[in-house]
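Colleague: One file is attached below, start_30.csv, containing CSV, C-alpha atoms.
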chain,number,residue,atom,x,y,z
A,1,MET,CA,88.8,-44.2,184.2
A,2,THR,CA,88.3,-45.9,180.8
A,3,TYR,CA,90.0,-45.1,177.5
A,4,LEU,CA,87.1,-42.8,176.5
A,5,GLU,CA,87.6,-40.5,179.6
A,6,GLN,CA,91.3,-40.6,178.7
A,7,LEU,CA,90.6,-39.4,175.2
A,8,ILE,CA,88.2,-36.6,175.9
A,9,PRO,CA,90.7,-34.1,177.3
A,10,ILE,CA,93.1,-34.9,174.4
A,11,ILE,CA,90.3,-34.1,172.0
A,12,LYS,CA,89.4,-30.9,173.7
A,13,GLU,CA,93.0,-29.7,173.9
A,14,ASN,CA,93.6,-30.2,170.2
A,15,TYR,CA,90.2,-29.0,168.9
A,16,THR,CA,91.5,-27.1,165.8
A,17,LYS,CA,93.9,-29.9,164.7
A,18,ALA,CA,93.1,-32.4,162.0
A,19,ALA,CA,92.1,-35.7,163.6
A,20,LEU,CA,90.7,-38.1,161.0
A,21,VAL,CA,91.4,-37.7,157.3
A,22,ASP,CA,90.1,-40.2,154.7
A,23,TYR,CA,92.6,-40.8,151.9
A,24,SER,CA,92.1,-42.1,148.4
A,25,PRO,CA,95.2,-41.8,146.2
A,26,SER,CA,93.2,-42.3,143.0
A,27,ASN,CA,90.3,-40.1,144.2
A,28,SER,CA,88.0,-43.0,143.5
A,29,VAL,CA,86.4,-43.3,146.9
A,30,PRO,CA,84.4,-40.6,148.8
A,31,CYS,CA,86.5,-39.0,151.6
A,32,ASN,CA,85.8,-37.0,154.7
A,33,ALA,CA,88.0,-35.1,157.0
A,34,TYR,CA,87.4,-34.0,160.6
A,35,THR,CA,89.3,-31.8,163.1
A,36,PHE,CA,89.3,-33.0,166.7
A,37,ASP,CA,86.4,-30.6,167.5
A,38,GLN,CA,84.3,-31.8,164.4
A,39,MET,CA,84.9,-35.4,165.4
A,40,TYR,CA,83.8,-34.6,169.0
A,41,GLN,CA,80.6,-33.0,167.7
A,42,LYS,CA,79.8,-35.9,165.5
A,43,ILE,CA,80.3,-38.4,168.3
A,44,CYS,CA,78.0,-36.4,170.5
A,45,ALA,CA,75.3,-36.2,167.7
A,46,LEU,CA,75.5,-40.0,167.1
A,47,LYS,CA,75.3,-40.6,170.9
A,48,THR,CA,72.1,-38.6,170.9
A,49,MET,CA,70.8,-40.6,168.0
A,50,LEU,CA,71.6,-43.9,169.6
A,51,SER,CA,69.9,-42.9,172.8
A,52,ARG,CA,66.8,-42.0,170.9
A,53,MET,CA,66.9,-45.4,169.3
A,54,GLY,CA,66.7,-47.0,172.7
A,55,VAL,CA,70.3,-48.1,172.9
A,56,VAL,CA,71.5,-48.3,176.5
A,57,ALA,CA,74.7,-49.4,178.3
A,58,GLY,CA,75.5,-53.0,177.6
A,59,ASP,CA,73.6,-53.3,174.3
A,60,HIS,CA,75.6,-54.6,171.4
A,61,VAL,CA,76.1,-52.5,168.3
A,62,ALA,CA,77.8,-54.0,165.2
A,63,LEU,CA,80.2,-52.1,162.9
A,64,CYS,CA,80.7,-53.5,159.4
A,65,GLY,CA,82.5,-51.4,156.9
A,66,SER,CA,85.8,-50.5,155.2
A,67,ASN,CA,88.3,-48.3,157.0
A,68,SER,CA,87.0,-44.7,157.3
A,69,ALA,CA,86.7,-41.7,159.5
A,70,HIS,CA,83.0,-42.6,159.9
A,71,TRP,CA,83.9,-46.1,161.2
A,72,MET,CA,86.1,-44.6,163.9
A,73,ILE,CA,83.5,-42.0,164.9
A,74,SER,CA,80.8,-44.6,165.0
A,75,TYR,CA,83.0,-46.7,167.3
A,76,LEU,CA,83.5,-43.9,169.8
A,77,SER,CA,79.8,-42.9,169.7
A,78,VAL,CA,78.9,-46.5,170.7
A,79,ALA,CA,81.5,-46.3,173.5
A,80,SER,CA,80.1,-43.0,174.7
A,81,ILE,CA,76.8,-44.6,175.5
A,82,ARG,CA,78.6,-47.6,177.2
A,83,ALA,CA,77.3,-50.0,174.6
A,84,VAL,CA,79.5,-52.8,173.3
A,85,ASN,CA,81.2,-52.4,169.9
A,86,VAL,CA,81.0,-55.6,167.8
A,87,CYS,CA,83.8,-55.1,165.2
A,88,LEU,CA,83.4,-57.2,162.0
A,89,MET,CA,85.8,-57.9,159.2
A,90,HIS,CA,83.9,-56.5,156.2
A,91,SER,CA,85.7,-58.6,153.7
A,92,GLN,CA,84.0,-61.8,154.8
A,93,THR,CA,81.2,-63.4,152.8
A,94,PRO,CA,77.6,-62.1,153.5
A,95,GLU,CA,76.8,-65.5,155.0
A,96,MET,CA,79.6,-65.3,157.5
A,97,LEU,CA,78.8,-61.7,158.4
A,98,ALA,CA,75.2,-62.5,158.9
A,99,SER,CA,76.1,-65.4,161.1
A,100,GLN,CA,78.4,-63.2,163.3
A,101,ILE,CA,75.9,-60.4,163.5
A,102,ASP,CA,73.2,-62.9,164.7
A,103,PHE,CA,75.7,-64.5,167.2
A,104,SER,CA,76.6,-61.2,168.6
A,105,ASP,CA,73.0,-60.2,169.5
A,106,ALA,CA,73.6,-56.8,167.9
A,107,LYS,CA,70.6,-54.4,168.4
A,108,VAL,CA,71.9,-51.8,165.9
A,109,LEU,CA,74.1,-52.3,162.8
A,110,PHE,CA,76.4,-49.6,161.3
A,111,VAL,CA,77.3,-50.7,157.8
A,112,ASP,CA,78.6,-49.5,154.5
A,113,SER,CA,75.7,-49.2,152.1
A,114,ALA,CA,77.4,-51.4,149.5
A,115,ILE,CA,77.8,-54.2,152.1
A,116,TRP,CA,74.2,-53.7,153.3
A,117,SER,CA,73.0,-54.4,149.7
A,118,CYS,CA,74.5,-57.9,150.0
A,119,LEU,CA,73.4,-58.4,153.7
A,120,GLN,CA,69.8,-57.4,153.5
A,121,THR,CA,68.7,-60.6,151.9
A,122,HIS,CA,69.6,-62.4,155.2
A,123,GLN,CA,67.1,-62.4,158.1
A,124,LEU,CA,69.1,-60.6,160.8
A,125,ASP,CA,66.0,-60.8,163.0
A,126,LYS,CA,67.8,-59.5,166.1
A,127,VAL,CA,69.0,-56.2,164.5
A,128,HIS,CA,66.3,-53.6,165.1
A,129,ILE,CA,68.0,-50.7,163.3
A,130,VAL,CA,70.5,-50.4,160.4
A,131,VAL,CA,72.5,-47.2,159.9
A,132,SER,CA,74.5,-46.3,156.8
A,133,MET,CA,78.1,-45.7,157.8
A,134,ASP,CA,78.4,-43.6,154.6
A,135,ASP,CA,76.2,-40.7,155.8
A,136,TRP,CA,74.5,-42.1,159.0
A,137,SER,CA,71.2,-42.3,157.3
A,138,ILE,CA,68.7,-44.9,158.5
A,139,LEU,CA,68.6,-48.0,156.2
A,140,ARG,CA,66.1,-50.0,158.2
A,141,GLY,CA,64.1,-49.5,161.3
A,142,ALA,CA,63.8,-46.2,163.1
A,143,THR,CA,62.8,-43.0,161.3
A,144,GLY,CA,63.1,-39.3,162.2
A,145,GLN,CA,66.1,-39.8,164.4
A,146,CYS,CA,68.3,-36.9,165.3
A,147,LEU,CA,71.7,-37.1,163.8
A,148,LEU,CA,73.1,-33.8,162.8
A,149,VAL,CA,73.4,-30.6,164.9
A,150,GLU,CA,70.9,-28.9,162.6
A,151,ASP,CA,68.1,-30.5,164.6
A,152,ALA,CA,66.8,-27.9,167.1
A,153,SER,CA,67.1,-30.3,170.0
A,154,CYS,CA,70.7,-31.1,169.1
A,155,THR,CA,72.2,-27.7,169.8
A,156,ARG,CA,75.9,-27.5,170.5
A,157,GLU,CA,75.1,-26.9,174.2
A,158,ASN,CA,73.4,-30.2,174.3
A,159,LEU,CA,76.2,-32.1,172.6
A,160,SER,CA,78.6,-33.1,175.3
A,161,LEU,CA,80.5,-36.2,176.5
A,162,ASP,CA,81.1,-34.7,179.9
A,163,ALA,CA,78.4,-36.9,181.5
A,164,ILE,CA,79.3,-40.4,180.4
A,165,PRO,CA,77.6,-43.1,182.5
A,166,ASP,CA,79.7,-45.0,185.0
A,167,VAL,CA,80.6,-48.6,184.0
A,168,ASP,CA,82.1,-51.7,185.5
A,169,VAL,CA,85.6,-51.7,184.0
A,170,ASN,CA,85.5,-55.5,183.8
A,171,ALA,CA,82.3,-55.5,181.7
A,172,PRO,CA,82.6,-56.2,178.0
A,173,ALA,CA,83.4,-53.1,175.8
A,174,GLN,CA,84.3,-54.8,172.5
A,175,LEU,CA,83.7,-58.0,170.6
A,176,CYS,CA,86.0,-59.0,167.7
A,177,PHE,CA,86.1,-62.2,165.6
A,178,THR,CA,89.5,-63.8,165.1
A,179,SER,CA,90.8,-64.1,161.5
A,180,SER,CA,91.0,-67.8,162.2
A,181,THR,CA,93.6,-69.9,160.3
A,182,SER,CA,91.4,-73.0,160.7
A,183,GLY,CA,87.7,-73.4,161.2
A,184,ASN,CA,85.2,-70.5,161.7
A,185,PRO,CA,86.3,-67.3,163.4
A,186,LYS,CA,86.0,-67.2,167.2
A,187,CYS,CA,84.5,-64.3,169.2
A,188,VAL,CA,86.9,-62.6,171.5
A,189,VAL,CA,85.7,-60.3,174.3
A,190,ALA,CA,87.7,-57.3,175.5
A,191,SER,CA,86.7,-55.4,178.7
A,192,TRP,CA,86.9,-51.6,179.2
A,193,LYS,CA,89.9,-52.3,181.5
A,194,ASN,CA,91.6,-54.4,178.7
A,195,ILE,CA,91.3,-51.7,176.1
A,196,THR,CA,92.3,-48.9,178.4
A,197,ALA,CA,95.3,-50.7,179.8
A,198,ASN,CA,96.5,-51.6,176.3
A,199,MET,CA,96.1,-48.0,175.0
A,200,LEU,CA,98.0,-46.5,177.9
A,201,HIS,CA,100.9,-49.0,177.9
A,202,VAL,CA,101.4,-48.9,174.1
A,203,ALA,CA,101.4,-45.1,174.3
A,204,ASP,CA,104.0,-45.3,177.0
A,205,TYR,CA,106.3,-47.5,175.0
A,206,TYR,CA,105.8,-45.7,171.7
A,207,THR,CA,105.6,-42.0,172.2
A,208,ALA,CA,104.6,-39.9,169.2
A,209,THR,CA,106.3,-36.6,168.5
A,210,ASP,CA,104.3,-33.4,168.0
A,211,ASN,CA,102.3,-33.2,164.8
A,212,ARG,CA,102.9,-36.9,164.1
A,213,VAL,CA,100.9,-38.2,161.1
A,214,MET,CA,99.8,-41.9,161.2
A,215,LEU,CA,98.4,-44.0,158.3
A,216,SER,CA,95.7,-46.5,159.0
A,217,VAL,CA,95.8,-49.5,156.5
A,218,PHE,CA,95.0,-52.6,158.5
A,219,PRO,CA,91.3,-53.6,158.6
A,220,LEU,CA,89.5,-51.9,161.6
A,221,GLY,CA,87.6,-55.1,162.3
A,222,HIS,CA,90.8,-56.4,163.8
A,223,THR,CA,91.8,-55.5,167.4
A,224,LEU,CA,95.4,-54.7,166.4
A,225,ALA,CA,94.2,-52.0,164.0
A,226,ILE,CA,91.7,-50.6,166.6
A,227,MET,CA,94.5,-50.2,169.1
A,228,GLY,CA,97.6,-49.3,167.0
A,229,GLU,CA,96.1,-47.3,164.2
A,230,PHE,CA,93.2,-45.7,165.9
A,231,LEU,CA,93.0,-45.4,169.7
A,232,VAL,CA,96.7,-45.0,170.5
A,233,PRO,CA,97.3,-42.4,167.8
A,234,LEU,CA,94.2,-40.4,168.9
A,235,TYR,CA,95.4,-40.5,172.5
A,236,GLN,CA,98.7,-39.1,171.3
A,237,ALA,CA,96.9,-36.3,169.3
A,238,CYS,CA,98.1,-37.6,166.0
A,239,THR,CA,96.4,-36.9,162.7
A,240,ILE,CA,95.2,-40.2,161.3
A,241,TYR,CA,95.0,-40.7,157.6
A,242,ILE,CA,92.7,-43.6,156.7
A,243,LEU,CA,93.4,-45.4,153.5
A,244,ARG,CA,90.1,-45.9,151.7
A,245,GLU,CA,91.4,-48.2,149.0
A,246,PRO,CA,92.8,-51.7,149.1
A,247,ALA,CA,96.3,-51.7,150.7
A,248,VAL,CA,98.1,-53.1,147.6
A,249,PRO,CA,101.8,-52.2,147.1
A,250,ASP,CA,101.3,-49.4,144.5
A,251,THR,CA,98.6,-47.7,146.6
A,252,LEU,CA,100.7,-48.0,149.8
A,253,LEU,CA,103.7,-46.5,148.0
A,254,ASP,CA,101.7,-43.6,146.8
A,255,ALA,CA,100.3,-43.1,150.3
A,256,TYR,CA,103.7,-43.1,151.9
A,257,ILE,CA,105.1,-40.7,149.4
A,258,GLU,CA,102.3,-38.2,149.8
A,259,ILE,CA,101.4,-38.5,153.4
A,260,ARG,CA,104.9,-39.3,154.8
A,261,PRO,CA,103.7,-40.9,158.0
A,262,PHE,CA,105.9,-41.3,161.1
A,263,GLU,CA,108.2,-38.3,160.2
Output the structure of this file as structure tokens.
Modeller:
Amino acid sequence: MTYLEQLIPIIKENYTKAALVDYSPSNSVPCNAYTFDQMYQKICALKTMLSRMGVVAGDHVALCGSNSAHWMISYLSVASIRAVNVCLMHSQTPEMLASQIDFSDAKVLFVDSAIWSCLQTHQLDKVHIVVSMDDWSILRGATGQCLLVEDASCTRENLSLDAIPDVDVNAPAQLCFTSSTSGNPKCVVASWKNITANMLHVADYYTATDNRVMLSVFPLGHTLAIMGEFLVPLYQACTIYILREPAVPDTLLDAYIEIRPFE
């Protein structure tokens, strides 16, 4: 059983509770908020969209954007189709990002629209489809794809994660690029078994209390943030506040005072 199968019952048991909440102390960045049920429905809708785009198990899908609820939902939707998440540090130069996207053989790219405006001058020949992580609109490639449940063929009854394809737990599930203190970043592969084991063991050693609130500040292109500020808190049914602004001291202080994480 992989981390996704471990998360699904947690999501269903806490469907009315706040799951992902974007947070901008200055109100300068657009924010979204999702209950566990709303998050589940969005994951299902994106899973349908990816299937219609021709994405299948084992394909690589790149994520390049600032921390947000939409980043996390996109990640889980890719996992639900058993594709491989390629997690990129969005703060890199467009040239470095384009090089990593090309190296990863990503078929689809989820990207912040602002980052795409800098990236689209590069070839990115292997990327068939580009999706805005702001609102999941199509920036390049496929048209007319189902995203939201308003589509008649995407009724709530059709939106389910109960039939996730089987997968070899030793197969790749995630690619990340090291921050690299010298030379270019190196690609690191994590299997389904790697991620699942880490999530369960971290959760065992750090048990969240009921109604725990977590604050996500570390870049989600990094495996530490994916595990400690995303997957483990979700598994523990925490509400995750996602800082949508640079994590400078003043902003962090405002966030800690208002959100009061870990209490």
Colleague: Of the candidates A:Val213, A:Asn32, A:His128, A:Asp112, which one gets nearest to Gly54 in chain A if we count all atoms listed in the file?
Modeller: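 Nearest to Gly54 in chain A: A:His128.
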Colleague: Counting only C-alpha atoms, which residues of range 94-153 of chain A sit at most 8 Å from some atom of range 59-73 of chain A, and what is each one's closest atom pair with its distance in Å to one decimal, listed by chain and rising residue number, as a Markdown table?
Modeller:
| residue | atom | partner | partner_atom | distance |
| --- | --- | --- | --- | --- |
| A:Ile101 | CA | A:Ala62 | CA | 6.9 |
| A:Ser104 | CA | A:His60 | CA | 7.2 |
| A:Asp105 | CA | A:His60 | CA | 6.5 |
| A:Ala106 | CA | A:His60 | CA | 4.6 |
| A:Lys107 | CA | A:Val61 | CA | 5.8 |
| A:Val108 | CA | A:Val61 | CA | 4.9 |
| A:Leu109 | CA | A:Ala62 | CA | 4.7 |
| A:Phe110 | CA | A:Leu63 | CA | 4.8 |
| A:Val111 | CA | A:Cys64 | CA | 4.7 |
| A:Asp112 | CA | A:Gly65 | CA | 5.0 |
| A:Ile115 | CA | A:Gly65 | CA | 7.3 |
| A:Met133 | CA | A:His70 | CA | 6.2 |
| A:Asp134 | CA | A:His70 | CA | 7.1 |
Colleague: Show me, as a tab-separated table, the residues of range 11-113 of chain A having an atom within 12 Å of range 257-260 of chain A, each with the closest atom pair and its distance in Å, using all atoms listed in the file.
Modeller:
residue	atom	partner	partner_atom	distance
A:Val21	CA	A:Ile259	CA	10.8
A:Asp22	CA	A:Ile259	CA	11.5
A:Tyr23	CA	A:Ile259	CA	9.2
A:Ser24	CA	A:Glu258	CA	11.0
A:Pro25	CA	A:Glu258	CA	8.7
Colleague: Identify, on the basis of all atoms listed in the file, every residue whose closest approach to range 189-205 of chain A does not exceed 9 Å; exclude the query and any residue fewer than 4 positions from it along the same chain; express the result as a compact mmCIF listing (two decimals) with C-alpha atoms, in the frame of the given file.
Modeller:
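Result file result_12.txt:
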# COMPACT_ATOMS: atom_id res chain seq x y z
CA MET A 1 88.80 -44.20 184.20
CA THR A 2 88.30 -45.90 180.80
CA TYR A 3 90.00 -45.10 177.50
CA LEU A 4 87.10 -42.80 176.50
CA GLN A 6 91.30 -40.60 178.70
CA VAL A 167 80.60 -48.60 184.00
CA ASP A 168 82.10 -51.70 185.50
CA VAL A 169 85.60 -51.70 184.00
CA ASN A 170 85.50 -55.50 183.80
CA ALA A 171 82.30 -55.50 181.70
CA PRO A 172 82.60 -56.20 178.00
CA ALA A 173 83.40 -53.10 175.80
CA GLN A 174 84.30 -54.80 172.50
CA LEU A 175 83.70 -58.00 170.60
CA CYS A 176 86.00 -59.00 167.70
CA PHE A 177 86.10 -62.20 165.60
CA MET A 227 94.50 -50.20 169.10
CA GLY A 228 97.60 -49.30 167.00
CA LEU A 231 93.00 -45.40 169.70
CA VAL A 232 96.70 -45.00 170.50
CA PRO A 233 97.30 -42.40 167.80
CA TYR A 235 95.40 -40.50 172.50
CA GLN A 236 98.70 -39.10 171.30
Colleague: Report the distance between CA of Asn211 in chain A and CA of Phe36 in chain A in Å, rounded to one decimal place.
Modeller: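 The value is 13.1 Å.
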Colleague: Taking (100.1, -49.5, 154.0) in the coordinates of the supplied file, I want to know which residues reach to within 6 Å of it, counting all atoms listed in the file; could you give the answer as a list in words?
Modeller: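 The answer, in the requested form, is Val217, Ala247 and Leu252 of chain A.
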Colleague: Point out the residue among A:Glu229, A:Asp135, A:Glu95, A:Asp254 with the least atom-to-atom distance to Lys42 in chain A, counting all atoms listed in the file.
Modeller: A:Asp135
Colleague: Would you compute the distance between CA of Tyr206 in chain A and CA of Cys238 in chain A? Give it in Å to one decimal.
Modeller: 12.5 Å
Colleague: So how far away is CA of Pro185 in chain A from CA of Asp102 in chain A, in Å?
Modeller: 13.9 Å
Colleague: With only C-alpha atoms as the basis for distance, which of A:Ile242, A:Leu124, A:Leu253, A:Met39 is at the shortest distance from Lys12 in chain A?
Modeller: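 Nearest to Lys12 in chain A: A:Met39.
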Colleague: Counting all atoms listed in the file, figure out which residue out of A:Arg140, A:His222, A:Arg212, A:His122 gets nearest to Tyr241 in chain A.
Modeller: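 Selected residue with least distance to Tyr241 in chain A: A:Arg212.
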Colleague: Which of these, A:Ile10, A:Met96, A:Val78, A:Met53, has the shortest distance to Val130 in chain A once you count all atoms listed in the file?
Modeller: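 Of the candidates, the smallest distance to Val130 in chain A is held by A:Met53.
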Colleague: Find, counting all atoms listed in the file, the residue in A:Ile11, A:Val248, A:Ala208, A:Leu243 that gets nearest to Ser28 in chain A.
Modeller: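 Among A:Ile11, A:Val248, A:Ala208, A:Leu243, it is A:Leu243 that comes nearest to Ser28 in chain A.
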Colleague: Place a sphere of radius 9 Å on (87.3, -50.0, 145.4) in the file coordinates and name every protein, DNA or RNA residue with an atom inside or on its surface, counting all atoms listed in the file; give the answer as a list in words.
Modeller: Ser28, Val29, Arg244, Glu245 and Pro246 of chain A
Colleague: Go ahead and save the picked residues with C-alpha atoms, as a short mmCIF file (atom, residue, chain, number, x, y, z; two decimals), in the coordinates of the input.
Modeller:
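What ended up in selection.cif:
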data_model
loop_
_atom_site.label_atom_id
_atom_site.label_comp_id
_atom_site.auth_asym_id
_atom_site.auth_seq_id
_atom_site.Cartn_x
_atom_site.Cartn_y
_atom_site.Cartn_z
CA SER A 28 88.00 -43.00 143.50
CA VAL A 29 86.40 -43.30 146.90
CA ARG A 244 90.10 -45.90 151.70
CA GLU A 245 91.40 -48.20 149.00
CA PRO A 246 92.80 -51.70 149.10
#
